[in-house]
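Structure data follow from query.txt (compact mmCIF, C-alpha atoms):
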```txt
# COMPACT_ATOMS: atom_id res chain seq x y z
CA MET E 1 9.59 -55.49 40.10
CA LYS E 2 10.79 -58.75 38.59
CA SER E 3 8.57 -60.43 36.03
CA ASN E 4 9.37 -63.79 34.45
CA ALA E 5 7.18 -62.91 31.46
CA ILE E 6 9.11 -59.69 30.81
CA THR E 7 12.47 -61.43 31.32
CA GLN E 8 11.52 -64.14 28.79
CA ASP E 9 10.29 -61.45 26.40
CA ARG E 10 13.60 -59.55 26.65
CA GLU E 11 15.58 -62.74 26.11
CA ALA E 12 13.50 -63.54 23.01
CA LEU E 13 14.14 -60.03 21.63
CA LEU E 14 17.84 -60.44 22.32
CA ARG E 15 17.95 -63.80 20.49
CA LEU E 16 16.08 -62.26 17.56
CA SER E 17 18.44 -59.26 17.41
CA LYS E 18 21.48 -61.55 17.51
CA ALA E 19 20.08 -63.63 14.65
CA MET E 20 19.77 -60.57 12.38
CA THR E 21 22.55 -58.77 10.52
CA PRO E 22 23.08 -55.04 11.30
CA LYS E 23 21.47 -54.21 7.94
CA GLU E 24 18.42 -56.33 8.75
CA ARG E 25 18.15 -54.64 12.14
CA LEU E 26 18.11 -51.22 10.44
CA VAL E 27 15.25 -52.35 8.20
CA ALA E 28 13.40 -53.69 11.26
CA PHE E 29 14.04 -50.43 13.14
CA PHE E 30 12.59 -48.38 10.28
CA LYS E 31 9.48 -50.57 9.88
CA HIS E 32 8.93 -50.76 13.65
CA SER E 33 9.29 -46.97 14.08
CA ARG E 34 6.91 -46.27 11.20
CA LEU E 35 4.32 -48.66 12.63
CA VAL E 36 4.57 -47.29 16.19
CA CYS E 37 4.28 -43.67 14.94
CA ARG E 38 1.26 -44.45 12.79
CA LEU E 39 -0.47 -46.36 15.61
CA SER E 40 0.19 -43.46 17.96
CA LEU E 41 -1.16 -40.96 15.42
CA ALA E 42 -4.27 -43.09 14.78
CA GLY E 43 -4.92 -43.13 18.54
CA LYS E 44 -4.53 -39.34 18.76
CA LEU E 45 -6.92 -38.78 15.85
CA ARG E 46 -9.48 -41.15 17.35
CA ARG E 47 -9.30 -39.45 20.72
CA LYS E 48 -9.69 -36.07 19.03
CA ALA E 49 -12.77 -37.32 17.20
CA VAL E 50 -14.41 -38.84 20.25
CA LEU E 51 -13.42 -36.69 23.22
CA PRO E 52 -14.88 -33.29 22.22
CA ARG E 53 -18.30 -34.93 22.39
CA ALA E 54 -17.85 -35.57 26.09
CA LYS E 55 -18.87 -32.51 28.12
CA GLY E 56 -16.07 -30.58 29.80
CA LEU E 57 -13.24 -32.47 28.13
CA ALA E 58 -10.88 -30.45 26.03
CA VAL E 59 -8.21 -31.90 23.79
CA LYS E 60 -5.01 -29.98 23.28
CA MET W 1 14.37 -39.20 -0.33
CA LYS W 2 10.62 -38.81 -0.71
CA ILE W 3 8.80 -38.70 2.64
CA LYS W 4 5.21 -39.87 2.43
CA GLY W 5 3.94 -39.43 5.98
CA PRO W 6 4.62 -39.66 9.69
CA GLY W 7 6.97 -42.26 11.15
CA GLU W 8 9.65 -41.60 8.56
CA SER W 9 12.23 -39.69 10.61
CA PRO W 10 15.03 -41.98 9.31
CA LEU W 11 14.23 -40.77 5.78
CA LEU W 12 14.28 -37.16 6.96
CA LEU W 13 17.71 -37.91 8.43
CA LEU W 14 18.87 -39.13 5.00
CA ASN W 15 17.75 -35.80 3.51
CA VAL W 16 19.62 -33.90 6.23
CA ILE W 17 22.72 -36.05 5.66
CA LYS W 18 22.75 -35.04 1.98
CA HIS W 19 23.11 -31.40 3.10
CA LEU W 20 25.74 -32.32 5.71
CA ASN W 21 27.76 -34.08 3.00
CA ARG W 22 27.36 -31.19 0.57
CA LEU W 23 28.52 -28.71 3.22
CA LYS W 24 31.28 -31.09 4.40
CA ILE W 25 30.06 -31.05 7.99
CA PRO W 26 31.28 -34.21 9.76
CA TYR W 27 28.50 -36.27 11.33
CA ALA W 28 27.83 -39.63 12.96
CA VAL W 29 24.39 -41.19 13.42
CA VAL W 30 23.52 -42.09 17.02
CA GLY W 31 20.22 -42.69 18.91
CA ALA W 32 17.78 -45.54 18.20
CA PHE W 33 19.20 -45.86 14.68
CA ALA W 34 22.65 -46.81 16.00
CA ALA W 35 21.16 -48.76 18.94
CA SER W 36 19.29 -50.95 16.44
CA TYR W 37 22.31 -51.26 14.12
CA TYR W 38 24.57 -52.58 16.89
CA GLY W 39 22.10 -53.94 19.42
CA GLN W 40 18.43 -54.51 20.12
CA VAL W 41 15.90 -53.08 17.70
CA ARG W 42 13.69 -50.38 19.20
CA ALA W 43 11.30 -47.84 17.74
CA SER W 44 11.80 -44.10 17.90
CA VAL W 45 9.86 -41.06 16.75
CA ASP W 46 13.03 -39.16 15.91
CA ALA W 47 16.47 -39.74 14.44
CA ASP W 48 19.65 -38.35 16.00
CA ALA W 49 23.15 -37.54 14.83
CA VAL W 50 26.15 -35.78 16.32
CA ILE W 51 27.80 -33.18 14.12
CA SER W 52 31.04 -31.26 14.33
CA VAL W 53 30.71 -27.50 14.31
CA LYS W 54 34.26 -26.92 15.52
CA GLY W 55 35.69 -24.67 12.82
CA HIS W 56 32.47 -25.13 10.84
CA GLU W 57 30.29 -22.41 12.44
CA GLU W 58 29.57 -20.70 9.10
CA LYS W 59 28.67 -24.05 7.57
CA ALA W 60 26.27 -24.73 10.43
CA GLU W 61 24.54 -21.41 9.69
CA ARG W 62 24.37 -22.36 6.00
CA LEU W 63 22.91 -25.74 6.99
CA VAL W 64 20.10 -24.05 8.92
CA ALA W 65 19.40 -21.83 5.89
CA VAL W 66 19.23 -24.70 3.38
CA LEU W 67 17.04 -26.79 5.67
CA LYS W 68 14.62 -23.87 5.95
CA GLU W 69 14.72 -23.48 2.15
CA ASP W 70 13.56 -27.14 2.02
CA GLY W 71 10.48 -26.12 4.01
CA LEU W 72 11.67 -27.67 7.26
CA LYS W 73 11.17 -26.15 10.69
CA VAL W 74 14.53 -25.66 12.40
CA GLU W 75 14.92 -24.73 16.05
CA ARG W 76 18.30 -23.91 17.55
CA ARG W 77 18.96 -24.54 21.23
CA ARG W 78 22.21 -23.48 22.81
CA GLY W 79 23.41 -24.94 26.08
CA ASP W 80 24.94 -22.67 28.69
CA ILE W 81 28.47 -23.11 30.03
CA HIS W 82 27.34 -25.90 32.40
CA ASP W 83 25.40 -27.77 29.74
CA PRO W 84 27.05 -30.99 28.49
CA ILE W 85 25.69 -30.24 25.01
CA ARG W 86 26.62 -26.94 23.34
CA LEU W 87 24.12 -26.89 20.50
CA VAL W 88 21.03 -28.82 19.44
CA LEU W 89 19.30 -28.33 16.08
CA ASN W 90 15.73 -29.69 16.10
CA ILE W 91 14.58 -30.26 12.52
CA GLU W 92 10.95 -31.10 11.79
CA ASP W 93 8.96 -31.65 8.59
CA LYS W 94 5.24 -31.15 7.92
CA PHE W 95 4.49 -34.75 9.06
CA HIS W 96 6.23 -34.12 12.42
CA ASN W 97 9.12 -36.38 11.48
CA ARG W 98 12.04 -35.16 13.53
CA VAL W 99 15.81 -35.11 13.40
CA ASP W 100 17.99 -33.84 16.24
CA LEU W 101 21.55 -32.79 15.46
CA LEU W 102 23.75 -32.49 18.54
CA ALA W 103 27.03 -30.59 18.58
CA GLY W 104 29.76 -29.97 21.11
CA ILE W 105 29.11 -32.84 23.53
CA ARG W 106 31.40 -32.50 26.55
CA GLY W 107 34.00 -35.29 26.61
CA MET W 108 33.35 -36.38 23.03
CA GLU W 109 36.47 -36.50 20.87
CA GLU W 110 36.50 -35.07 17.32
CA ALA W 111 37.92 -38.46 16.29
CA VAL W 112 34.40 -39.88 16.72
CA PHE W 113 33.74 -38.69 13.15
CA LYS W 114 36.80 -40.52 11.80
CA ARG W 115 35.84 -43.71 13.63
CA ALA W 116 32.25 -43.62 12.28
CA VAL W 117 31.41 -46.68 10.18
CA LYS W 118 29.77 -46.63 6.78
CA ALA W 119 26.44 -48.44 6.45
CA SER W 120 23.82 -48.74 3.78
CA PHE W 121 20.25 -47.70 4.47
CA GLU W 122 17.47 -47.32 1.90
CA ARG W 123 20.09 -47.40 -0.87
CA SER W 124 22.00 -44.50 0.70
CA SER W 125 25.37 -44.53 2.39
CA ILE W 126 25.40 -43.22 5.96
CA LYS W 127 27.97 -42.97 8.72
CA ILE W 128 27.07 -44.45 12.11
CA ALA W 129 29.08 -43.70 15.26
CA GLY W 130 31.59 -46.45 16.02
CA VAL W 131 30.35 -49.05 18.47
CA GLU W 132 32.74 -47.98 21.25
CA ASP W 133 31.90 -44.28 20.80
CA PHE W 134 28.21 -45.10 20.84
CA ILE W 135 28.35 -47.15 24.06
CA ALA W 136 30.49 -44.48 25.76
CA MET W 137 28.00 -41.76 24.74
CA LYS W 138 25.08 -43.81 26.04
CA ILE W 139 26.83 -44.36 29.37
CA PHE W 140 27.50 -40.60 29.58
CA ALA W 141 23.83 -39.82 28.79
CA GLY W 142 22.95 -42.18 31.64
CA SER W 143 19.11 -42.39 31.55
CA PRO W 144 17.52 -45.87 32.01
CA LYS W 145 16.75 -45.94 28.26
CA ASP W 146 20.36 -45.03 27.40
CA ILE W 147 21.75 -47.70 29.72
CA GLN W 148 19.34 -50.25 28.24
CA ASP W 149 20.62 -49.33 24.75
CA ALA W 150 24.23 -49.74 25.91
CA VAL W 151 23.43 -53.15 27.47
CA GLY W 152 21.64 -54.22 24.27
CA VAL W 153 24.67 -53.29 22.16
CA LEU W 154 27.07 -55.07 24.53
CA LYS W 155 24.94 -58.21 24.49
CA VAL W 156 24.48 -58.31 20.71
CA SER W 157 27.83 -56.97 19.45
CA LEU W 158 30.21 -57.77 22.33
CA ARG W 159 32.69 -59.55 20.03
CA LYS W 160 33.01 -56.43 17.86
CA VAL W 161 33.85 -54.15 20.80
CA ASP W 162 37.45 -53.05 21.37
CA MET W 163 37.37 -53.07 25.19
CA ALA W 164 40.54 -50.98 25.63
CA LEU W 165 39.17 -48.28 23.30
CA LEU W 166 35.75 -48.39 24.98
CA LYS W 167 37.30 -47.89 28.42
CA ASN W 168 39.52 -45.06 27.19
CA LEU W 169 36.60 -43.27 25.52
CA THR W 170 34.36 -43.72 28.56
CA ARG W 171 37.13 -42.37 30.81
CA LEU W 172 37.07 -39.12 28.79
CA TYR W 173 33.49 -38.53 29.98
CA GLY W 174 34.47 -38.98 33.62
CA ARG W 175 35.23 -41.37 36.46
CA VAL W 176 31.56 -41.90 37.28
CA GLU W 177 30.93 -43.03 33.69
CA LEU W 178 33.89 -45.42 33.78
CA ALA W 179 32.58 -46.97 37.03
CA ARG W 180 29.15 -47.28 35.39
CA LEU W 181 30.71 -49.14 32.45
CA GLU W 182 32.67 -51.51 34.71
CA LYS W 183 29.44 -52.33 36.57
CA LEU W 184 27.62 -53.01 33.29
CA LEU W 185 30.40 -55.25 31.98
CA LYS W 186 30.24 -57.41 35.13
CA ASN W 187 26.60 -58.21 34.38
CA ILE W 188 26.95 -58.96 30.66
```
Whole structure given in C-alpha cells:
Amino acid sequence: MKSNAITQDREALLRLSKAMTPKERLVAFFKHSRLVCRLSLAGKLRRKAVLPRAKGLAVK
Amino acid sequence: MKIKGPGESPLLLLNVIKHLNRLKIPYAVVGAFAASYYGQVRASVDADAVISVKGHEEKAERLVAVLKEDGLKVERRRGDIHDPIRLVLNIEDKFHNRVDLLAGIRGMEEAVFKRAVKASFERSSIKIAGVEDFIAMKIFAGSPKDIQDAVGVLKVSLRKVDMALLKNLTRLYGRVELARLEKLLKNI
C-alpha cells in the first residue's frame, strides 16, 4: 500500500528529527514514550471499567 | 533516579546503569533510545542495552541479586546453541517499566563497548552504542521495525557514519546482512 498522506507524514517526521540535536531527540523520545504508555494504560483501565458490565465479556 | 509511574523505562534504565557501572559490567544502550538519539524519534515501552558477560559471569549474578534487592522483578532467559542471543535479562518495576539487557549476541564484537559514545540524559552520563554498531545490529535483527530504525538513522545521521566500519561490522553478522545493508544504502 502506498499512501501520499503517510509518505508526507514520514517526511515531516524526518525533517523534524534532522532539525533536532541528539540530546533534544532523547528528551522527545522520553516525553513521547511516557505519553504513549500513559495513554495506553488509561485505555486499558477504561476498558476494564466498562467491559465487565457487558454480559459474557471477560477482561484478562 | 526516582520513578513516579508508568512510561518511565528510560529512568529505570538509568537505575540499572548505576549498578552496571558499580559492578564494572560493560554496556551500551540500544533500542528506541539509540534509534531516537541517532535517527527518528519513536516511542517505546521498554529500554534496551547490550552488556558484556564474557569473563563477567559472577558479576552478572551479582547484578541480578542487587536488582532484586531493589525490589525489581528479574527474569533470566537463556538462548540455546542456535539462538543468536545467549542471555536476556528482563527487568521490571512495580509500574511495569521494563529494561531488557541482552548479552552474547552472535556476530557482535566486544569492541562495541569501547566504541560506545557518552551522552547526557536526565543529568546522568550514559553510553550509547556507536552509530555503526547500532545500524549493523538493527540490520542483523532484521524485523520491519528494526529496518525502519536503521533507515531513520541513516537518513538523519548519514554524515556521521563511517561507511567502511559499518560495512565491516555488518559483514561480521553475515553475507545476508551485508547484502541487506547495500540494498538500504542504495535507497537512502
Output as a PDB file with C-alpha atoms, keeping the file's coordinate frame the set of chain E residues within 8 Å of chain W, with distances taken over only C-alpha atoms.
```pdb
ATOM      1  CA  LEU E  13      14.140 -60.030  21.630  1.00  0.00           C
ATOM      2  CA  LEU E  14      17.840 -60.440  22.320  1.00  0.00           C
ATOM      3  CA  SER E  17      18.440 -59.260  17.410  1.00  0.00           C
ATOM      4  CA  LYS E  18      21.480 -61.550  17.510  1.00  0.00           C
ATOM      5  CA  PRO E  22      23.080 -55.040  11.300  1.00  0.00           C
ATOM      6  CA  LYS E  23      21.470 -54.210   7.940  1.00  0.00           C
ATOM      7  CA  ARG E  25      18.150 -54.640  12.140  1.00  0.00           C
ATOM      8  CA  LEU E  26      18.110 -51.220  10.440  1.00  0.00           C
ATOM      9  CA  VAL E  27      15.250 -52.350   8.200  1.00  0.00           C
ATOM     10  CA  ALA E  28      13.400 -53.690  11.260  1.00  0.00           C
ATOM     11  CA  PHE E  29      14.040 -50.430  13.140  1.00  0.00           C
ATOM     12  CA  PHE E  30      12.590 -48.380  10.280  1.00  0.00           C
ATOM     13  CA  HIS E  32       8.930 -50.760  13.650  1.00  0.00           C
ATOM     14  CA  SER E  33       9.290 -46.970  14.080  1.00  0.00           C
ATOM     15  CA  ARG E  34       6.910 -46.270  11.200  1.00  0.00           C
ATOM     16  CA  LEU E  35       4.320 -48.660  12.630  1.00  0.00           C
ATOM     17  CA  VAL E  36       4.570 -47.290  16.190  1.00  0.00           C
ATOM     18  CA  CYS E  37       4.280 -43.670  14.940  1.00  0.00           C
ATOM     19  CA  ARG E  38       1.260 -44.450  12.790  1.00  0.00           C
TER      20      ARG E  38
END
```
Report, in Å to a single decimal, how far apart atom CA of Leu13 of chain W and atom CA of Lys73 of chain W are.
13.6 Å
With distances taken over only C-alpha atoms, which residue among W:Val29, W:Leu154, W:Leu87, W:Met163 lies nearest Ala129 of chain W?
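With only C-alpha atoms as the atom set, the closest residue is W:Val29.
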Neighbour list for Asn15 of chain W as a VMD selection string, cut-off 10 Å, all atoms listed in the file, skip fewer than 3 positions in-chain:
chain W and resid 1 to 3 9 to 12 18 to 20 67 70
Restricting to all atoms listed in the file, whichever of W:Val74, W:Val66, W:Ile17, W:Val151 is closest to Asn187 of chain W is W:Val151
So how many Å separate atom CA of Thr21 of chain E and atom CA of Gly130 of chain W, to one decimal?
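Distance between the two atoms: 16.2 Å.
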As an exercise, work out the distance from atom CA of Ala60 of chain W to atom CA of Ile81 of chain W in Å and give it to one decimal place.
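Between atom CA of Ala60 of chain W and atom CA of Ile81 of chain W the gap works out to 19.8 Å.
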